[in-house]
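Below is model_30.cif, holding mmCIF, C-alpha atoms and all ligand atoms.
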data_entry
#
loop_
_atom_site.group_PDB
_atom_site.id
_atom_site.type_symbol
_atom_site.label_atom_id
_atom_site.label_comp_id
_atom_site.auth_asym_id
_atom_site.auth_seq_id
_atom_site.Cartn_x
_atom_site.Cartn_y
_atom_site.Cartn_z
ATOM 1 C CA MET A 1 191.427 140.893 234.114
ATOM 2 C CA LEU A 2 194.134 142.674 232.154
ATOM 3 C CA LEU A 3 194.375 146.344 233.048
ATOM 4 C CA ALA A 4 196.275 148.747 230.766
ATOM 5 C CA ALA A 5 196.402 152.310 229.492
ATOM 6 C CA ILE A 6 197.129 152.502 225.769
ATOM 7 C CA SER A 7 197.813 155.477 223.501
ATOM 8 C CA ALA A 8 196.016 156.014 220.199
ATOM 9 C CA ASN A 9 198.981 154.326 218.451
ATOM 10 C CA GLY A 10 199.209 151.333 220.805
ATOM 11 C CA VAL A 11 202.010 152.555 223.076
ATOM 12 C CA ILE A 12 202.034 151.753 226.804
ATOM 13 C CA GLY A 13 205.535 152.802 227.860
ATOM 14 C CA ARG A 14 208.769 154.586 227.052
ATOM 15 C CA GLY A 15 212.089 154.026 228.826
ATOM 16 C CA ASN A 16 210.283 151.852 231.417
ATOM 17 C CA ARG A 17 207.929 154.688 232.335
ATOM 18 C CA LEU A 18 204.446 155.793 231.383
ATOM 19 C CA PRO A 19 204.729 158.257 228.478
ATOM 20 C CA TRP A 20 201.982 160.574 229.790
ATOM 21 C CA ARG A 21 200.653 162.117 232.943
ATOM 22 C CA LEU A 22 197.096 161.019 233.584
ATOM 23 C CA ARG A 23 196.025 161.646 237.121
ATOM 24 C CA SER A 24 192.471 160.443 236.470
ATOM 25 C CA ASP A 25 193.768 157.096 235.261
ATOM 26 C CA LEU A 26 195.954 156.621 238.332
ATOM 27 C CA GLN A 27 192.840 157.205 240.460
ATOM 28 C CA HIS A 28 190.893 154.745 238.285
ATOM 29 C CA PHE A 29 193.683 152.166 238.638
ATOM 30 C CA ARG A 30 193.669 152.620 242.395
ATOM 31 C CA ALA A 31 189.892 152.291 242.681
ATOM 32 C CA LEU A 32 189.742 149.143 240.526
ATOM 33 C CA THR A 33 192.653 147.324 242.123
ATOM 34 C CA MET A 34 192.301 148.284 245.810
ATOM 35 C CA GLY A 35 191.966 145.196 248.012
ATOM 36 C CA ARG A 36 192.771 142.868 245.128
ATOM 37 C CA PRO A 37 195.901 141.029 243.980
ATOM 38 C CA ILE A 38 197.910 142.687 241.237
ATOM 39 C CA LEU A 39 200.388 140.782 239.084
ATOM 40 C CA MET A 40 203.165 142.421 237.095
ATOM 41 C CA GLY A 41 206.511 141.776 235.454
ATOM 42 C CA ARG A 42 209.767 142.706 237.151
ATOM 43 C CA LYS A 43 210.368 145.701 234.867
ATOM 44 C CA THR A 44 206.963 147.216 235.615
ATOM 45 C CA PHE A 45 207.585 146.684 239.324
ATOM 46 C CA LEU A 46 210.939 148.470 239.060
ATOM 47 C CA SER A 47 209.190 151.282 237.202
ATOM 48 C CA ILE A 48 206.632 151.687 240.013
ATOM 49 C CA GLY A 49 209.399 151.207 242.555
ATOM 50 C CA LYS A 50 207.371 149.984 245.511
ATOM 51 C CA PRO A 51 204.520 147.661 246.447
ATOM 52 C CA LEU A 52 201.151 149.388 246.148
ATOM 53 C CA PRO A 53 199.370 149.761 249.482
ATOM 54 C CA GLY A 54 196.255 147.685 250.151
ATOM 55 C CA ARG A 55 197.012 145.226 247.347
ATOM 56 C CA THR A 56 199.127 142.078 247.259
ATOM 57 C CA THR A 57 201.830 142.803 244.699
ATOM 58 C CA ILE A 58 202.945 139.669 242.863
ATOM 59 C CA VAL A 59 205.979 140.107 240.623
ATOM 60 C CA ALA A 60 207.046 137.603 237.976
ATOM 61 C CA SER A 61 210.800 137.165 237.590
ATOM 62 C CA ARG A 62 213.014 134.313 236.460
ATOM 63 C CA ASP A 63 215.837 135.798 238.517
ATOM 64 C CA GLN A 64 215.936 133.659 241.639
ATOM 65 C CA SER A 65 217.856 136.326 243.520
ATOM 66 C CA PHE A 66 215.264 139.037 242.847
ATOM 67 C CA ALA A 67 213.438 140.210 245.970
ATOM 68 C CA ALA A 68 212.050 143.417 247.419
ATOM 69 C CA PRO A 69 210.222 144.237 250.635
ATOM 70 C CA GLY A 70 206.453 143.857 250.548
ATOM 71 C CA ILE A 71 206.111 141.826 247.349
ATOM 72 C CA VAL A 72 205.709 138.173 246.432
ATOM 73 C CA VAL A 73 208.076 137.057 243.666
ATOM 74 C CA ALA A 74 206.908 134.191 241.437
ATOM 75 C CA PRO A 75 209.268 132.328 239.075
ATOM 76 C CA GLY A 76 206.713 131.925 236.272
ATOM 77 C CA LEU A 77 203.362 133.215 235.079
ATOM 78 C CA ALA A 78 201.456 130.092 236.163
ATOM 79 C CA ALA A 79 203.005 130.340 239.631
ATOM 80 C CA ALA A 80 202.184 134.054 239.796
ATOM 81 C CA LEU A 81 198.565 133.398 238.812
ATOM 82 C CA ALA A 82 198.314 130.648 241.442
ATOM 83 C CA VAL A 83 199.564 133.035 244.136
ATOM 84 C CA ALA A 84 197.099 135.672 242.920
ATOM 85 C CA ARG A 85 194.167 133.236 242.983
ATOM 86 C CA GLY A 86 195.072 132.166 246.525
ATOM 87 C CA ASP A 87 195.270 135.784 247.610
ATOM 88 C CA ALA A 88 191.892 136.575 245.992
ATOM 89 C CA LEU A 89 190.317 133.617 247.804
ATOM 90 C CA ARG A 90 191.726 134.742 251.142
ATOM 91 C CA ARG A 91 190.485 138.268 250.539
ATOM 92 C CA GLY A 92 187.062 137.062 249.366
ATOM 93 C CA VAL A 93 187.362 138.886 246.036
ATOM 94 C CA ASP A 94 186.791 137.479 242.570
ATOM 95 C CA GLU A 95 189.170 139.539 240.465
ATOM 96 C CA ILE A 96 192.910 139.332 239.768
ATOM 97 C CA PHE A 97 194.493 142.251 237.948
ATOM 98 C CA VAL A 98 197.327 141.662 235.494
ATOM 99 C CA VAL A 99 198.873 145.118 235.178
ATOM 100 C CA GLY A 100 201.730 144.721 232.687
ATOM 101 C CA GLY A 101 204.005 145.289 231.030
ATOM 102 C CA THR A 102 204.139 144.104 227.436
ATOM 103 C CA ASP A 103 205.912 140.816 228.185
ATOM 104 C CA ILE A 104 203.321 139.871 230.808
ATOM 105 C CA TYR A 105 200.300 141.079 228.774
ATOM 106 C CA VAL A 106 201.398 138.993 225.780
ATOM 107 C CA GLN A 107 201.584 135.839 227.887
ATOM 108 C CA ALA A 108 198.493 136.478 230.028
ATOM 109 C CA MET A 109 196.126 137.544 227.252
ATOM 110 C CA ALA A 110 195.214 134.005 226.181
ATOM 111 C CA ALA A 111 193.872 133.142 229.635
ATOM 112 C CA ALA A 112 192.165 136.490 230.302
ATOM 113 C CA THR A 113 188.407 136.876 230.085
ATOM 114 C CA ARG A 114 188.194 140.654 230.502
ATOM 115 C CA LEU A 115 190.284 143.675 229.536
ATOM 116 C CA ALA A 116 189.997 147.043 231.282
ATOM 117 C CA ILE A 117 191.629 149.470 228.876
ATOM 118 C CA THR A 118 192.159 153.168 229.278
ATOM 119 C CA GLU A 119 192.300 154.553 225.746
ATOM 120 C CA VAL A 120 194.541 157.599 225.946
ATOM 121 C CA HIS A 121 193.431 159.867 223.110
ATOM 122 C CA LYS A 122 196.910 160.926 222.160
ATOM 123 C CA THR A 123 199.691 159.669 219.885
ATOM 124 C CA VAL A 124 202.990 159.189 221.720
ATOM 125 C CA GLU A 125 206.384 157.708 220.997
ATOM 126 C CA GLY A 126 207.356 154.663 222.975
ATOM 127 C CA ASP A 127 209.169 151.345 223.128
ATOM 128 C CA ALA A 128 206.515 149.220 224.841
ATOM 129 C CA ARG A 129 203.200 148.329 223.215
ATOM 130 C CA PHE A 130 200.032 146.464 224.097
ATOM 131 C CA PRO A 131 199.412 143.312 222.037
ATOM 132 C CA PRO A 132 196.737 143.739 219.325
ATOM 133 C CA ILE A 133 193.163 143.318 220.596
ATOM 134 C CA ASP A 134 191.625 140.839 218.146
ATOM 135 C CA ARG A 135 188.108 142.179 217.440
ATOM 136 C CA ASN A 136 186.924 138.645 216.663
ATOM 137 C CA ALA A 137 188.027 137.440 220.085
ATOM 138 C CA TRP A 138 186.944 140.427 222.191
ATOM 139 C CA ARG A 139 183.678 142.380 222.481
ATOM 140 C CA GLU A 140 183.589 145.929 223.791
ATOM 141 C CA ILE A 141 180.938 145.924 226.536
ATOM 142 C CA ALA A 142 181.377 149.346 228.146
ATOM 143 C CA ARG A 143 182.879 152.720 227.227
ATOM 144 C CA ASP A 144 183.070 155.895 229.329
ATOM 145 C CA GLU A 145 184.558 158.888 227.531
ATOM 146 C CA HIS A 146 186.184 161.634 229.629
ATOM 147 C CA GLU A 147 187.628 165.040 228.904
ATOM 148 C CA GLY A 148 191.071 165.422 230.430
ATOM 149 C CA GLY A 149 190.858 167.117 233.835
ATOM 150 C CA VAL A 150 193.480 168.697 236.077
ATOM 151 C CA GLY A 151 196.671 166.618 235.859
ATOM 152 C CA ASP A 152 195.643 164.862 232.651
ATOM 153 C CA ASP A 153 197.688 165.207 229.447
ATOM 154 C CA ALA A 154 194.829 164.070 227.214
ATOM 155 C CA ALA A 155 191.204 163.054 226.965
ATOM 156 C CA PHE A 156 190.654 159.359 227.545
ATOM 157 C CA ALA A 157 188.072 156.577 227.692
ATOM 158 C CA PHE A 158 187.646 153.702 230.104
ATOM 159 C CA VAL A 159 186.755 150.722 227.917
ATOM 160 C CA THR A 160 185.874 147.198 229.024
ATOM 161 C CA TYR A 161 186.149 144.156 226.774
ATOM 162 C CA ARG A 162 184.802 140.688 227.406
ATOM 163 C CA ARG A 163 186.058 137.619 225.583
ATOM 164 C CA ALA A 164 183.584 136.769 222.833
ATOM 165 C CA ALA A 165 181.760 133.455 223.160
ATOM 166 C CA ALA A 166 183.227 130.806 220.886
ATOM 167 C CA SER A 167 181.041 130.343 217.801
HETATM 168 N N1 LIG B 201 200.416 151.832 230.169
HETATM 169 C C1 LIG B 201 200.246 150.819 230.993
HETATM 170 O O1 LIG B 201 199.116 150.495 231.387
HETATM 171 C C2 LIG B 201 201.437 150.056 231.480
HETATM 172 C C3 LIG B 201 201.295 149.086 232.481
HETATM 173 C C4 LIG B 201 202.440 148.385 232.879
HETATM 174 C C5 LIG B 201 203.652 148.635 232.304
HETATM 175 N N2 LIG B 201 203.755 149.574 231.339
HETATM 176 C C6 LIG B 201 205.031 149.842 230.679
HETATM 177 O O2 LIG B 201 205.494 148.623 230.100
HETATM 178 C C7 LIG B 201 206.913 148.647 230.050
HETATM 179 C C8 LIG B 201 207.471 147.380 230.695
HETATM 180 O O3 LIG B 201 207.070 146.236 229.955
HETATM 181 P P1 LIG B 201 208.129 145.074 229.609
HETATM 182 O O4 LIG B 201 207.501 144.143 228.657
HETATM 183 O O5 LIG B 201 209.442 145.728 229.232
HETATM 184 O O6 LIG B 201 208.413 144.396 230.999
HETATM 185 P P2 LIG B 201 207.465 143.644 232.083
HETATM 186 O O7 LIG B 201 206.457 142.792 231.374
HETATM 187 O O8 LIG B 201 206.982 144.618 233.087
HETATM 188 O O9 LIG B 201 208.534 142.739 232.837
HETATM 189 C C9 LIG B 201 209.281 141.791 232.119
HETATM 190 C C10 LIG B 201 209.978 140.895 233.096
HETATM 191 O O10 LIG B 201 209.019 140.091 233.796
HETATM 192 C C11 LIG B 201 209.581 138.825 234.047
HETATM 193 N N3 LIG B 201 208.792 137.814 233.374
HETATM 194 C C12 LIG B 201 208.091 137.926 232.228
HETATM 195 N N4 LIG B 201 207.501 136.760 231.918
HETATM 196 C C13 LIG B 201 207.844 135.888 232.885
HETATM 197 C C14 LIG B 201 207.559 134.525 233.120
HETATM 198 N N5 LIG B 201 206.771 133.807 232.290
HETATM 199 N N6 LIG B 201 208.085 133.953 234.211
HETATM 200 C C15 LIG B 201 208.851 134.657 235.070
HETATM 201 N N7 LIG B 201 209.177 135.945 234.898
HETATM 202 C C16 LIG B 201 208.670 136.550 233.819
HETATM 203 C C17 LIG B 201 211.006 138.861 233.542
HETATM 204 O O11 LIG B 201 211.784 139.313 234.629
HETATM 205 P P3 LIG B 201 213.332 138.839 234.827
HETATM 206 O O12 LIG B 201 214.092 139.538 233.752
HETATM 207 O O13 LIG B 201 213.650 139.285 236.217
HETATM 208 O O14 LIG B 201 213.318 137.342 234.687
HETATM 209 C C18 LIG B 201 210.931 139.907 232.451
HETATM 210 O O15 LIG B 201 212.189 140.504 232.159
HETATM 211 C C19 LIG B 201 207.328 149.930 230.765
HETATM 212 O O16 LIG B 201 207.560 150.957 229.805
HETATM 213 C C20 LIG B 201 206.127 150.276 231.610
HETATM 214 O O17 LIG B 201 206.048 151.671 231.896
HETATM 215 C C21 LIG B 201 202.679 150.305 230.929
#
Translate the structure described by the file into structure tokens.
Ligand SMILES: NC(=O)c1ccc[n+]([C@@H]2O[C@H](COP(=O)([O-])OP(=O)(O)OC[C@H]3O[C@@H](n4cnc5c(N)ncnc54)[C@H](OP(=O)(O)O)[C@@H]3O)[C@@H](O)[C@H]2O)c1
Amino acid sequence: MLLAAISANGVIGRGNRLPWRLRSDLQHFRALTMGRPILMGRKTFLSIGKPLPGRTTIVASRDQSFAAPGIVVAPGLAAALAVARGDALRRGVDEIFVVGGTDIYVQAMAAATRLAITEVHKTVEGDARFPPIDRNAWREIARDEHEGGVGDDAAFAFVTYRRAAAS
């Protein structure tokens, strides 16, 4: 499952940070991923700055010297997915979360079967984008619209896509 928050104009990041404050989405992210493996690129890991508690944090990097306490570094996407699948099996869970950024989403999208997208109802400037969601390849199967609450810069929707059956 790919998990991402995307602005109305397709932006996911600016200067290796999230370009909004969305407390509700951080809570949503936590609830979805808790107890499950999460896979990310090195830049996203550096942006978060630490492993997330209660989840095995698997970080893809081609830099063989890259390491940080509390994470598993994998030298390629296939290796990272293999580590994540092993972790999911050990934990008895059936979901792996690929949590960005752009570089990782672009590579992982072809193998993904579900997308959990937070649509941030706001236009923002940024330098990192989510790859286009091909409406022929993906079906929207759930949508929950929310007004922004305390700590939220914008209204938003939690949207789930499932890969469309091949015709
Ligand atoms: N809105 C959201 O939901 C969301 C979620 C996540 C991230 N973001 C944003 O996205 C931006 C970061 O995205 P990004 O594309 O710049 O970076 P990224 O995807 O987080 O990380 C890229 C790095 O991952 C490693 N990598 C990528 N593919 C690999 C492969 N096949 N094998 C091994 N290592 C691989 C490389 O690390 P090395 O250079 O070490 O080899 C590469 O430089 C930030 O602005 C962040 O805030 C937003």
(message) Just want the 12 Å neighbourhood of Ala108 of chain A, counted on all atoms listed in the file, with same-chain residues fewer than 2 positions away dropped. Output as a PyMOL selection string.
(response) chain A and resi 1-3+39-41+60+76-78+80-81+96-106+110-115+130-131
Evaluate the PyMOL selection byres (((chain A and resi 25) around 9) and not hetatm) and record the selected residues as a PDB file with C-alpha atoms, in the frame of the given file, following the chain and residue labels used in the document.
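Output file selection-v9.pdb is given in full below:
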ATOM      1  CA  ALA A   5     196.402 152.310 229.492  1.00  0.00           C
ATOM      2  CA  ARG A  21     200.653 162.117 232.943  1.00  0.00           C
ATOM      3  CA  LEU A  22     197.096 161.019 233.584  1.00  0.00           C
ATOM      4  CA  ARG A  23     196.025 161.646 237.121  1.00  0.00           C
ATOM      5  CA  SER A  24     192.471 160.443 236.470  1.00  0.00           C
ATOM      6  CA  LEU A  26     195.954 156.621 238.332  1.00  0.00           C
ATOM      7  CA  GLN A  27     192.840 157.205 240.460  1.00  0.00           C
ATOM      8  CA  HIS A  28     190.893 154.745 238.285  1.00  0.00           C
ATOM      9  CA  PHE A  29     193.683 152.166 238.638  1.00  0.00           C
ATOM     10  CA  ARG A  30     193.669 152.620 242.395  1.00  0.00           C
ATOM     11  CA  THR A 118     192.159 153.168 229.278  1.00  0.00           C
ATOM     12  CA  ASP A 152     195.643 164.862 232.651  1.00  0.00           C
ATOM     13  CA  PHE A 156     190.654 159.359 227.545  1.00  0.00           C
ATOM     14  CA  PHE A 158     187.646 153.702 230.104  1.00  0.00           C
TER      15      PHE A 158
END
Could you give me, as a PDB file with C-alpha atoms, in the frame of the given file, the residues within 12 Å of Ala155 of chain A, counting all atoms listed in the file and dropping anything in the same chain fewer than 4 positions from it?
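Heads up, here's the output in result-v8.pdb:
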ATOM      1  CA  SER A   7     197.813 155.477 223.501  1.00  0.00           C
ATOM      2  CA  ALA A   8     196.016 156.014 220.199  1.00  0.00           C
ATOM      3  CA  TRP A  20     201.982 160.574 229.790  1.00  0.00           C
ATOM      4  CA  ARG A  21     200.653 162.117 232.943  1.00  0.00           C
ATOM      5  CA  LEU A  22     197.096 161.019 233.584  1.00  0.00           C
ATOM      6  CA  ARG A  23     196.025 161.646 237.121  1.00  0.00           C
ATOM      7  CA  SER A  24     192.471 160.443 236.470  1.00  0.00           C
ATOM      8  CA  ASP A  25     193.768 157.096 235.261  1.00  0.00           C
ATOM      9  CA  THR A 118     192.159 153.168 229.278  1.00  0.00           C
ATOM     10  CA  GLU A 119     192.300 154.553 225.746  1.00  0.00           C
ATOM     11  CA  VAL A 120     194.541 157.599 225.946  1.00  0.00           C
ATOM     12  CA  HIS A 121     193.431 159.867 223.110  1.00  0.00           C
ATOM     13  CA  LYS A 122     196.910 160.926 222.160  1.00  0.00           C
ATOM     14  CA  THR A 123     199.691 159.669 219.885  1.00  0.00           C
ATOM     15  CA  ASP A 144     183.070 155.895 229.329  1.00  0.00           C
ATOM     16  CA  GLU A 145     184.558 158.888 227.531  1.00  0.00           C
ATOM     17  CA  HIS A 146     186.184 161.634 229.629  1.00  0.00           C
ATOM     18  CA  GLU A 147     187.628 165.040 228.904  1.00  0.00           C
ATOM     19  CA  GLY A 148     191.071 165.422 230.430  1.00  0.00           C
ATOM     20  CA  GLY A 149     190.858 167.117 233.835  1.00  0.00           C
ATOM     21  CA  VAL A 150     193.480 168.697 236.077  1.00  0.00           C
ATOM     22  CA  GLY A 151     196.671 166.618 235.859  1.00  0.00           C
TER      23      GLY A 151
END
Where does the PyMOL selection byres (((chain A and resi 54) around 10) and not hetatm) land in this file, that is, which residues does it pick, as a PDB file with C-alpha atoms, in the frame of the given file?
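Writing the result to out-v2.pdb gives the following:
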ATOM      1  CA  ARG A  30     193.669 152.620 242.395  1.00  0.00           C
ATOM      2  CA  THR A  33     192.653 147.324 242.123  1.00  0.00           C
ATOM      3  CA  MET A  34     192.301 148.284 245.810  1.00  0.00           C
ATOM      4  CA  GLY A  35     191.966 145.196 248.012  1.00  0.00           C
ATOM      5  CA  ARG A  36     192.771 142.868 245.128  1.00  0.00           C
ATOM      6  CA  PRO A  37     195.901 141.029 243.980  1.00  0.00           C
ATOM      7  CA  PRO A  51     204.520 147.661 246.447  1.00  0.00           C
ATOM      8  CA  LEU A  52     201.151 149.388 246.148  1.00  0.00           C
ATOM      9  CA  PRO A  53     199.370 149.761 249.482  1.00  0.00           C
ATOM     10  CA  ARG A  55     197.012 145.226 247.347  1.00  0.00           C
ATOM     11  CA  THR A  56     199.127 142.078 247.259  1.00  0.00           C
ATOM     12  CA  THR A  57     201.830 142.803 244.699  1.00  0.00           C
TER      13      THR A  57
END
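Across the structure, atom C18 of ligand LIG 201 (chain B) and atom CA of Thr44 of chain A are spaced 8.9 Å apart.
Nearest to Pro19 of chain A of all the residues A:Arg91, A:Arg139, A:Arg129, A:Arg62 is A:Arg129, based on all atoms listed in the file.
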Could you write out as lines of an AutoDock Vina configuration file the box around ligand LIG 201 (chain B) (axis-aligned, all atoms listed in the file, 8 Å on each side), with centre and edge lengths in Å to one decimal?
center_x = 206.6
center_y = 142.8
center_z = 232.4
size_x = 31.0
size_y = 34.0
size_z = 23.6
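For the pair atom P2 of ligand LIG 201 (chain B) and atom CA of Gly86 of chain A, the separation is 22.2 Å.
Using all atoms listed in the file, the nearest neighbour of ligand LIG 201 (chain B) within the list A:Pro75, A:Gly10, A:Gly92, A:Gly49 is A:Pro75.
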(request) Might you spell out which residues the PyMOL selection byres (((chain A and resi 137) around 10) and not hetatm) would select in the displayed file, as number ranges by chain? (result) A: 133-136, 138-139, 161-166
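Relative to atom CA of Gly15 of chain A, atom CA of Ala128 of chain A is found at 8.4 Å.
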(message) From the options A:Val83, A:Gly126, A:Lys50, A:Leu89, which residue's atoms come nearest to ligand LIG 201 (chain B), counting all atoms listed in the file?
(response) A:Gly126
For the structure just given, write the atoms of segment 71-157 of chain A, namely C-alpha atoms, as a PDB file, in the first residue's frame.
ATOM      1  CA  ILE A  71      16.257   1.376  11.201  1.00  0.00           C
ATOM      2  CA  VAL A  72      16.945  -1.308   8.616  1.00  0.00           C
ATOM      3  CA  VAL A  73      18.772   0.008   5.546  1.00  0.00           C
ATOM      4  CA  ALA A  74      18.161  -1.816   2.252  1.00  0.00           C
ATOM      5  CA  PRO A  75      20.345  -1.270  -0.838  1.00  0.00           C
ATOM      6  CA  GLY A  76      17.475  -1.486  -3.340  1.00  0.00           C
ATOM      7  CA  LEU A  77      13.699  -1.389  -3.567  1.00  0.00           C
ATOM      8  CA  ALA A  78      13.351  -5.155  -4.077  1.00  0.00           C
ATOM      9  CA  ALA A  79      15.537  -5.779  -1.024  1.00  0.00           C
ATOM     10  CA  ALA A  80      13.535  -3.250   1.000  1.00  0.00           C
ATOM     11  CA  LEU A  81      10.254  -4.904   0.004  1.00  0.00           C
ATOM     12  CA  ALA A  82      11.657  -8.326   0.937  1.00  0.00           C
ATOM     13  CA  VAL A  83      12.627  -7.047   4.392  1.00  0.00           C
ATOM     14  CA  ALA A  84       9.173  -5.488   4.767  1.00  0.00           C
ATOM     15  CA  ARG A  85       7.400  -8.711   3.764  1.00  0.00           C
ATOM     16  CA  GLY A  86       9.487 -10.691   6.260  1.00  0.00           C
ATOM     17  CA  ASP A  87       8.669  -8.195   8.983  1.00  0.00           C
ATOM     18  CA  ALA A  88       4.937  -8.324   8.141  1.00  0.00           C
ATOM     19  CA  LEU A  89       5.013 -12.128   8.328  1.00  0.00           C
ATOM     20  CA  ARG A  90       6.733 -12.060  11.709  1.00  0.00           C
ATOM     21  CA  ARG A  91       4.224  -9.532  12.995  1.00  0.00           C
ATOM     22  CA  GLY A  92       1.265 -11.459  11.553  1.00  0.00           C
ATOM     23  CA  VAL A  93       0.053  -8.453   9.552  1.00  0.00           C
ATOM     24  CA  ASP A  94      -0.845  -8.330   5.878  1.00  0.00           C
ATOM     25  CA  GLU A  95       0.045  -4.769   4.953  1.00  0.00           C
ATOM     26  CA  ILE A  96       3.314  -3.027   4.057  1.00  0.00           C
ATOM     27  CA  PHE A  97       3.256   0.753   3.843  1.00  0.00           C
ATOM     28  CA  VAL A  98       5.398   2.554   1.281  1.00  0.00           C
ATOM     29  CA  VAL A  99       5.499   6.100   2.640  1.00  0.00           C
ATOM     30  CA  GLY A 100       7.584   8.080   0.138  1.00  0.00           C
ATOM     31  CA  GLY A 101       9.018  10.219  -1.133  1.00  0.00           C
ATOM     32  CA  THR A 102       8.646  10.876  -4.844  1.00  0.00           C
ATOM     33  CA  ASP A 103      11.588   8.703  -5.911  1.00  0.00           C
ATOM     34  CA  ILE A 104      10.246   5.714  -3.973  1.00  0.00           C
ATOM     35  CA  TYR A 105       6.584   6.249  -4.986  1.00  0.00           C
ATOM     36  CA  VAL A 106       7.549   6.346  -8.672  1.00  0.00           C
ATOM     37  CA  GLN A 107       9.357   3.016  -8.416  1.00  0.00           C
ATOM     38  CA  ALA A 108       6.887   1.278  -6.086  1.00  0.00           C
ATOM     39  CA  MET A 109       3.676   2.299  -7.847  1.00  0.00           C
ATOM     40  CA  ALA A 110       3.825  -0.447 -10.482  1.00  0.00           C
ATOM     41  CA  ALA A 111       3.792  -3.189  -7.845  1.00  0.00           C
ATOM     42  CA  ALA A 112       1.246  -1.548  -5.523  1.00  0.00           C
ATOM     43  CA  THR A 113      -2.332  -2.763  -5.331  1.00  0.00           C
ATOM     44  CA  ARG A 114      -3.745  -0.031  -3.088  1.00  0.00           C
ATOM     45  CA  LEU A 115      -3.164   3.683  -2.535  1.00  0.00           C
ATOM     46  CA  ALA A 116      -4.164   5.487   0.662  1.00  0.00           C
ATOM     47  CA  ILE A 117      -4.153   9.149  -0.306  1.00  0.00           C
ATOM     48  CA  THR A 118      -4.871  12.144   1.847  1.00  0.00           C
ATOM     49  CA  GLU A 119      -6.122  14.819  -0.538  1.00  0.00           C
ATOM     50  CA  VAL A 120      -5.120  18.117   1.031  1.00  0.00           C
ATOM     51  CA  HIS A 121      -7.634  20.658  -0.250  1.00  0.00           C
ATOM     52  CA  LYS A 122      -5.109  23.402  -0.726  1.00  0.00           C
ATOM     53  CA  THR A 123      -2.736  24.573  -3.462  1.00  0.00           C
ATOM     54  CA  VAL A 124       0.870  24.821  -2.274  1.00  0.00           C
ATOM     55  CA  GLU A 125       4.268  25.412  -3.806  1.00  0.00           C
ATOM     56  CA  GLY A 126       6.713  22.562  -3.647  1.00  0.00           C
ATOM     57  CA  ASP A 127       9.551  20.639  -5.249  1.00  0.00           C
ATOM     58  CA  ALA A 128       8.336  17.075  -4.681  1.00  0.00           C
ATOM     59  CA  ARG A 129       5.249  15.639  -6.365  1.00  0.00           C
ATOM     60  CA  PHE A 130       3.271  12.419  -6.364  1.00  0.00           C
ATOM     61  CA  PRO A 131       3.296  10.530  -9.680  1.00  0.00           C
ATOM     62  CA  PRO A 132       0.049  10.883 -11.686  1.00  0.00           C
ATOM     63  CA  ILE A 133      -2.704   8.469 -10.611  1.00  0.00           C
ATOM     64  CA  ASP A 134      -3.840   6.888 -13.885  1.00  0.00           C
ATOM     65  CA  ARG A 135      -7.660   6.744 -13.657  1.00  0.00           C
ATOM     66  CA  ASN A 136      -7.684   3.760 -16.021  1.00  0.00           C
ATOM     67  CA  ALA A 137      -5.401   1.810 -13.705  1.00  0.00           C
ATOM     68  CA  TRP A 138      -6.893   2.816 -10.345  1.00  0.00           C
ATOM     69  CA  ARG A 139     -10.450   2.841  -8.962  1.00  0.00           C
ATOM     70  CA  GLU A 140     -11.444   5.061  -6.064  1.00  0.00           C
ATOM     71  CA  ILE A 141     -13.139   2.742  -3.552  1.00  0.00           C
ATOM     72  CA  ALA A 142     -13.537   4.960  -0.483  1.00  0.00           C
ATOM     73  CA  ARG A 143     -13.600   8.681   0.315  1.00  0.00           C
ATOM     74  CA  ASP A 144     -14.010  10.385   3.701  1.00  0.00           C
ATOM     75  CA  GLU A 145     -14.173  14.174   3.547  1.00  0.00           C
ATOM     76  CA  HIS A 146     -13.140  16.156   6.645  1.00  0.00           C
ATOM     77  CA  GLU A 147     -13.217  19.793   7.630  1.00  0.00           C
ATOM     78  CA  GLY A 148      -9.861  20.922   8.969  1.00  0.00           C
ATOM     79  CA  GLY A 149      -9.787  20.717  12.772  1.00  0.00           C
ATOM     80  CA  VAL A 150      -7.410  22.139  15.366  1.00  0.00           C
ATOM     81  CA  GLY A 151      -3.859  21.950  13.986  1.00  0.00           C
ATOM     82  CA  ASP A 152      -4.981  21.488  10.386  1.00  0.00           C
ATOM     83  CA  ASP A 153      -4.068  24.015   7.674  1.00  0.00           C
ATOM     84  CA  ALA A 154      -6.812  22.841   5.320  1.00  0.00           C
ATOM     85  CA  ALA A 155      -9.787  20.583   4.784  1.00  0.00           C
ATOM     86  CA  PHE A 156      -8.838  17.161   3.485  1.00  0.00           C
ATOM     87  CA  ALA A 157     -10.153  13.777   2.365  1.00  0.00           C
TER      88      ALA A 157
END
